[in-house]
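Working notes, beginning with the structure itself.
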Amino acid sequence: MTRLEKHKTTKSHKTYFIKDWLLLHQITGAQLKHLLCFTHHYPSIPNAVEDRVNETAQHIWNLVTEALTDFWPEHDLQINKAFNCTETKFSSDTSTPFNLDNGIDQSPSIEINYQHSPVDALHIAHEFGHALQIICCRSAFISPIQRELAALLIEKVFLKYVQDKDNNLANLLLPIWHSNRCTYLGTDLNAVKHAMENPQSTYNYRWNYPIAHILLETLFHNSSKLELWSMVEGSTSLEELLSKCTSDFKLKLNNYLPPYMHSDAEPKLIDAYRALGMAALLDVETWQGLAENKIDAFYKQALHHLQNNSLLVVTNAQHQASGYATWKQDTHGKIIITHQTAPFGDHLLLLKKLQRHLPNILQANAYHPSSSNKEQIAWHR
Ligand SMILES: [Zn+2]
């Protein structure tokens with residue numbers, strides 16, 4: 001199954017790699033690895049069903065609306081807006097369905113070449129999901145994994161409804177859902193794993209599907225309807241979703257760095273070398289940013305922070321390095337955290353220890369180079 005996903009974004013000829021993909025989603029390689037180590041590989045199976053869906057595309061579109069308002073009656077305004085306002089073209093000559101975000105004042109549009117196949121019918125639910133999300137988030141940026149998560153969630157809610165209301169249609173659609181699942185967790189997941197082992201692999205939009213699918217499968221039954229709606233809106237960060245997902249696996253992200261024991265008898269220089277080494281290791285585990293700097297630039301920057309006492313490496317209860325941060329102070333005494341990383345998910349521990357380390361600092365802002373709102377408040381007391 002191939003699906004072109006068109007979104008109105010600035011055209012760029014830049015080649016992207018897995019590190020760019022992780023950075024875009026504000027997640028680390030270790031977090032992704034952690035998620036993937038609990039998933040099993042599936043063999044891909046072809047869409048075997050050649051059956052015909054008798055319903056018209058418009059009927060399916062109506063049915064999706066019914067399913068969603070039944071599941072989230074409190075959000076019927078937005079659901080009906082997606083139903084009424086989306087510009088739909090069901091007999092498009094496009095080879096693959098797509099959706100377009102036409103901007104904040106315009107309705108989204110979707111195009112499908114509806115040929116009455118069960119695959120086409122499920123595509124309608126999928127594209128409804130994209131259109132609904134575009135309406136809910138008012139054209140704010142939503143990461144590709146979160147986009148696909150919303151679309152797959154709408155497919156799932158639609159299927160659940162159809163199973164209750166229309167057995168014949170459900171029997172046509174369920175094999176497609178299953179076959180898609182095998183593709184996501186088969187060839188698509190393999191492609192992600194391959195890219196993680198070969199960081200020079202170029203970005204492929206299909207990388208987003210297996211992650212979205214794993215999140216959906218894990219979180220669907222363990223989340224309230226309110227939490228599920230936040231996935232439609234794209235208002236829960238991917239990092240939160242991943243950590244909820246991995247905590248639902250009842251396993252903690254495994255920190256595989258060696259423990260270290262500090263001794264007061266050691267010369268201070270050893271401690272400085274250790275901090276430097278741990279900072280480098282933590283950046284390497286994060287898979288993005290500083291570990292890509294040239295060694296002399298990394299060293300110069302880290303040395304500058306060490307000499308200014310503006311670098312803190314924190315360890316967990318097992319004495320393993322779990323995160324580090326660097327910062328600078330502006331003329332008003334405010335701290336700006338210039339870099340922070342906790343690749344094994346200990347962000348709160350890092351923040352808590354940093355607050356304790358800087359007891360007199362009333363306000364700290366964190367610098368997020370990949371966010372549109374570059375400086376965000378880390379604490380205010
Ligand atoms: Zn999609």
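Simple scheme: letters A, B, ... for chains in structure tokens order, numbers from 1 for residues in each chain, numbers from 1 for ligands in the order shown.
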Give one line per residue of region 58-150 of chain A that approaches region 180-189 of chain A to at most 12 Å, naming the two atoms of the closest pair and their distance in Å to one decimal, counting only C-alpha atoms; sort by chain then ascending residue number and deliver it as CSV.
residue,atom,partner,partner_atom,distance
A:Pro118,CA,A:Asn180,CA,11.9
A:Val119,CA,A:Asn180,CA,9.4
A:Leu122,CA,A:Asn180,CA,10.4
A:His123,CA,A:Asn180,CA,11.2
A:Glu148,CA,A:Tyr184,CA,11.6
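For ligand 1, the protein and nucleic acid residues at most 9 Å away, judged by only C-alpha atoms and all ligand atoms, amount to Arg3, Leu4, Glu5, Lys6, Pro97, Phe98, Asn99, His123, His126, Glu127, Gly129, His130, Pro144, Arg147, Glu148, Leu149, Ala150, Ala151, Leu152 and Tyr209 of chain A.
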For the residues selected in the previous step, produce a file with N, CA and C atoms as a PDB file, in the first residue's frame.
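What ended up in out00.pdb:
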ATOM      1  N   ARG A   3       0.836   5.466   0.078  1.00  0.00           N
ATOM      2  CA  ARG A   3      -0.038   6.602   0.347  1.00  0.00           C
ATOM      3  C   ARG A   3       0.782   7.864   0.285  1.00  0.00           C
ATOM      4  N   LEU A   4       0.438   8.694  -0.625  1.00  0.00           N
ATOM      5  CA  LEU A   4       1.148   9.965  -0.688  1.00  0.00           C
ATOM      6  C   LEU A   4       0.495  10.901   0.306  1.00  0.00           C
ATOM      7  N   GLU A   5       1.256  11.563   1.071  1.00  0.00           N
ATOM      8  CA  GLU A   5       0.692  12.471   2.051  1.00  0.00           C
ATOM      9  C   GLU A   5       1.109  13.873   1.672  1.00  0.00           C
ATOM     10  N   LYS A   6       0.172  14.612   1.133  1.00  0.00           N
ATOM     11  CA  LYS A   6       0.519  15.967   0.733  1.00  0.00           C
ATOM     12  C   LYS A   6       0.106  16.922   1.833  1.00  0.00           C
ATOM     13  N   PRO A  97      -4.614   8.796  -2.291  1.00  0.00           N
ATOM     14  CA  PRO A  97      -5.408   9.828  -1.607  1.00  0.00           C
ATOM     15  C   PRO A  97      -4.505  10.858  -0.949  1.00  0.00           C
ATOM     16  N   PHE A  98      -4.969  12.063  -0.837  1.00  0.00           N
ATOM     17  CA  PHE A  98      -4.176  13.075  -0.129  1.00  0.00           C
ATOM     18  C   PHE A  98      -5.073  14.142   0.481  1.00  0.00           C
ATOM     19  N   ASN A  99      -4.463  14.913   1.348  1.00  0.00           N
ATOM     20  CA  ASN A  99      -5.179  16.010   2.006  1.00  0.00           C
ATOM     21  C   ASN A  99      -4.327  17.256   1.939  1.00  0.00           C
ATOM     22  N   HIS A 123      -9.676   4.574   3.356  1.00  0.00           N
ATOM     23  CA  HIS A 123      -8.971   5.827   3.048  1.00  0.00           C
ATOM     24  C   HIS A 123      -9.834   7.041   3.384  1.00  0.00           C
ATOM     25  N   HIS A 126      -9.544   7.693   6.926  1.00  0.00           N
ATOM     26  CA  HIS A 126      -8.190   8.193   7.170  1.00  0.00           C
ATOM     27  C   HIS A 126      -8.096   9.683   6.829  1.00  0.00           C
ATOM     28  N   GLU A 127      -8.569  10.036   5.675  1.00  0.00           N
ATOM     29  CA  GLU A 127      -8.467  11.433   5.234  1.00  0.00           C
ATOM     30  C   GLU A 127      -9.399  12.338   6.044  1.00  0.00           C
ATOM     31  N   GLY A 129      -9.816  11.945   9.136  1.00  0.00           N
ATOM     32  CA  GLY A 129      -8.984  12.189  10.324  1.00  0.00           C
ATOM     33  C   GLY A 129      -8.017  13.340  10.104  1.00  0.00           C
ATOM     34  N   HIS A 130      -7.380  13.367   8.940  1.00  0.00           N
ATOM     35  CA  HIS A 130      -6.440  14.469   8.644  1.00  0.00           C
ATOM     36  C   HIS A 130      -7.183  15.802   8.589  1.00  0.00           C
ATOM     37  N   PRO A 144       4.639  14.806  11.682  1.00  0.00           N
ATOM     38  CA  PRO A 144       4.069  13.734  10.834  1.00  0.00           C
ATOM     39  C   PRO A 144       3.564  12.519  11.618  1.00  0.00           C
ATOM     40  N   ARG A 147       0.309  13.399  12.989  1.00  0.00           N
ATOM     41  CA  ARG A 147      -0.695  13.473  11.919  1.00  0.00           C
ATOM     42  C   ARG A 147      -1.241  12.076  11.618  1.00  0.00           C
ATOM     43  N   GLU A 148      -0.301  11.132  11.481  1.00  0.00           N
ATOM     44  CA  GLU A 148      -0.743   9.769  11.150  1.00  0.00           C
ATOM     45  C   GLU A 148      -1.459   9.115  12.315  1.00  0.00           C
ATOM     46  N   LEU A 149      -1.034   9.471  13.538  1.00  0.00           N
ATOM     47  CA  LEU A 149      -1.707   8.933  14.720  1.00  0.00           C
ATOM     48  C   LEU A 149      -3.182   9.352  14.703  1.00  0.00           C
ATOM     49  N   ALA A 150      -3.439  10.609  14.409  1.00  0.00           N
ATOM     50  CA  ALA A 150      -4.824  11.102  14.374  1.00  0.00           C
ATOM     51  C   ALA A 150      -5.616  10.372  13.292  1.00  0.00           C
ATOM     52  N   ALA A 151      -5.018  10.222  12.113  1.00  0.00           N
ATOM     53  CA  ALA A 151      -5.736   9.594  10.996  1.00  0.00           C
ATOM     54  C   ALA A 151      -6.039   8.116  11.302  1.00  0.00           C
ATOM     55  N   LEU A 152      -5.058   7.426  11.891  1.00  0.00           N
ATOM     56  CA  LEU A 152      -5.280   6.011  12.221  1.00  0.00           C
ATOM     57  C   LEU A 152      -6.296   5.865  13.355  1.00  0.00           C
ATOM     58  N   TYR A 209       4.332   5.844   9.866  1.00  0.00           N
ATOM     59  CA  TYR A 209       3.201   4.945  10.103  1.00  0.00           C
ATOM     60  C   TYR A 209       3.424   3.925  11.223  1.00  0.00           C
TER      61      TYR A 209
END
>> Applying 10 Å and only C-alpha atoms, which residues near Gln106 (chain A) remain after dropping the ones on its own chain fewer than 2 positions away? List them as a ChimeraX atom specification.
In response: /A:85-87,101-104,108-109,135,138-139
Go ahead and dump the residues you just picked, C-alpha atoms, as a PDB file, in the first residue's frame.
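Everything below was put into again27.pdb:
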ATOM      1  CA  CYS A  85     -16.510  22.339   5.425  1.00  0.00           C
ATOM      2  CA  THR A  86     -13.876  19.967   4.054  1.00  0.00           C
ATOM      3  CA  GLU A  87     -13.667  20.222   0.283  1.00  0.00           C
ATOM      4  CA  ASP A 101      -4.130  22.199   4.763  1.00  0.00           C
ATOM      5  CA  ASN A 102      -5.170  25.349   2.920  1.00  0.00           C
ATOM      6  CA  GLY A 103      -4.354  27.712   5.787  1.00  0.00           C
ATOM      7  CA  ILE A 104      -6.099  29.034   8.865  1.00  0.00           C
ATOM      8  CA  PRO A 108      -8.918  21.708   4.218  1.00  0.00           C
ATOM      9  CA  SER A 109      -9.385  19.583   1.139  1.00  0.00           C
ATOM     10  CA  ILE A 135      -9.552  22.050  11.611  1.00  0.00           C
ATOM     11  CA  ARG A 138      -6.113  25.646  13.198  1.00  0.00           C
ATOM     12  CA  SER A 139      -3.170  25.012  10.897  1.00  0.00           C
TER      13      SER A 139
END
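If you count only C-alpha atoms and ignore residues fewer than 6 places along the chain from Lys156 (chain A), what sits within 12 Å of it is Val64, Ala67, Leu68, Phe71, Leu122, His123, Ala125, His126, Gly129, Leu149, Ala150, Val162, Gln163, Ala170, Leu173, Leu174, Ile176, Trp177, His178, Arg181, His213, Leu216, Glu217, Phe220, His221 and Leu228 of chain A.
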> Can you list, as a ChimeraX atom specification, every residue of region 102-200 of chain A that DSSP puts in strand (DSSP E or B)?
Replying inline: /A:109-111,113
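As for CA of Pro343 (chain A) and CA of Thr286 (chain A), they are spaced 5.1 Å apart.
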> Between A:Leu132, A:Val314, A:Ile295, A:Leu22, which one has atoms that come closest to Gln340 (chain A), using only C-alpha atoms?
Replying inline: A:Val314
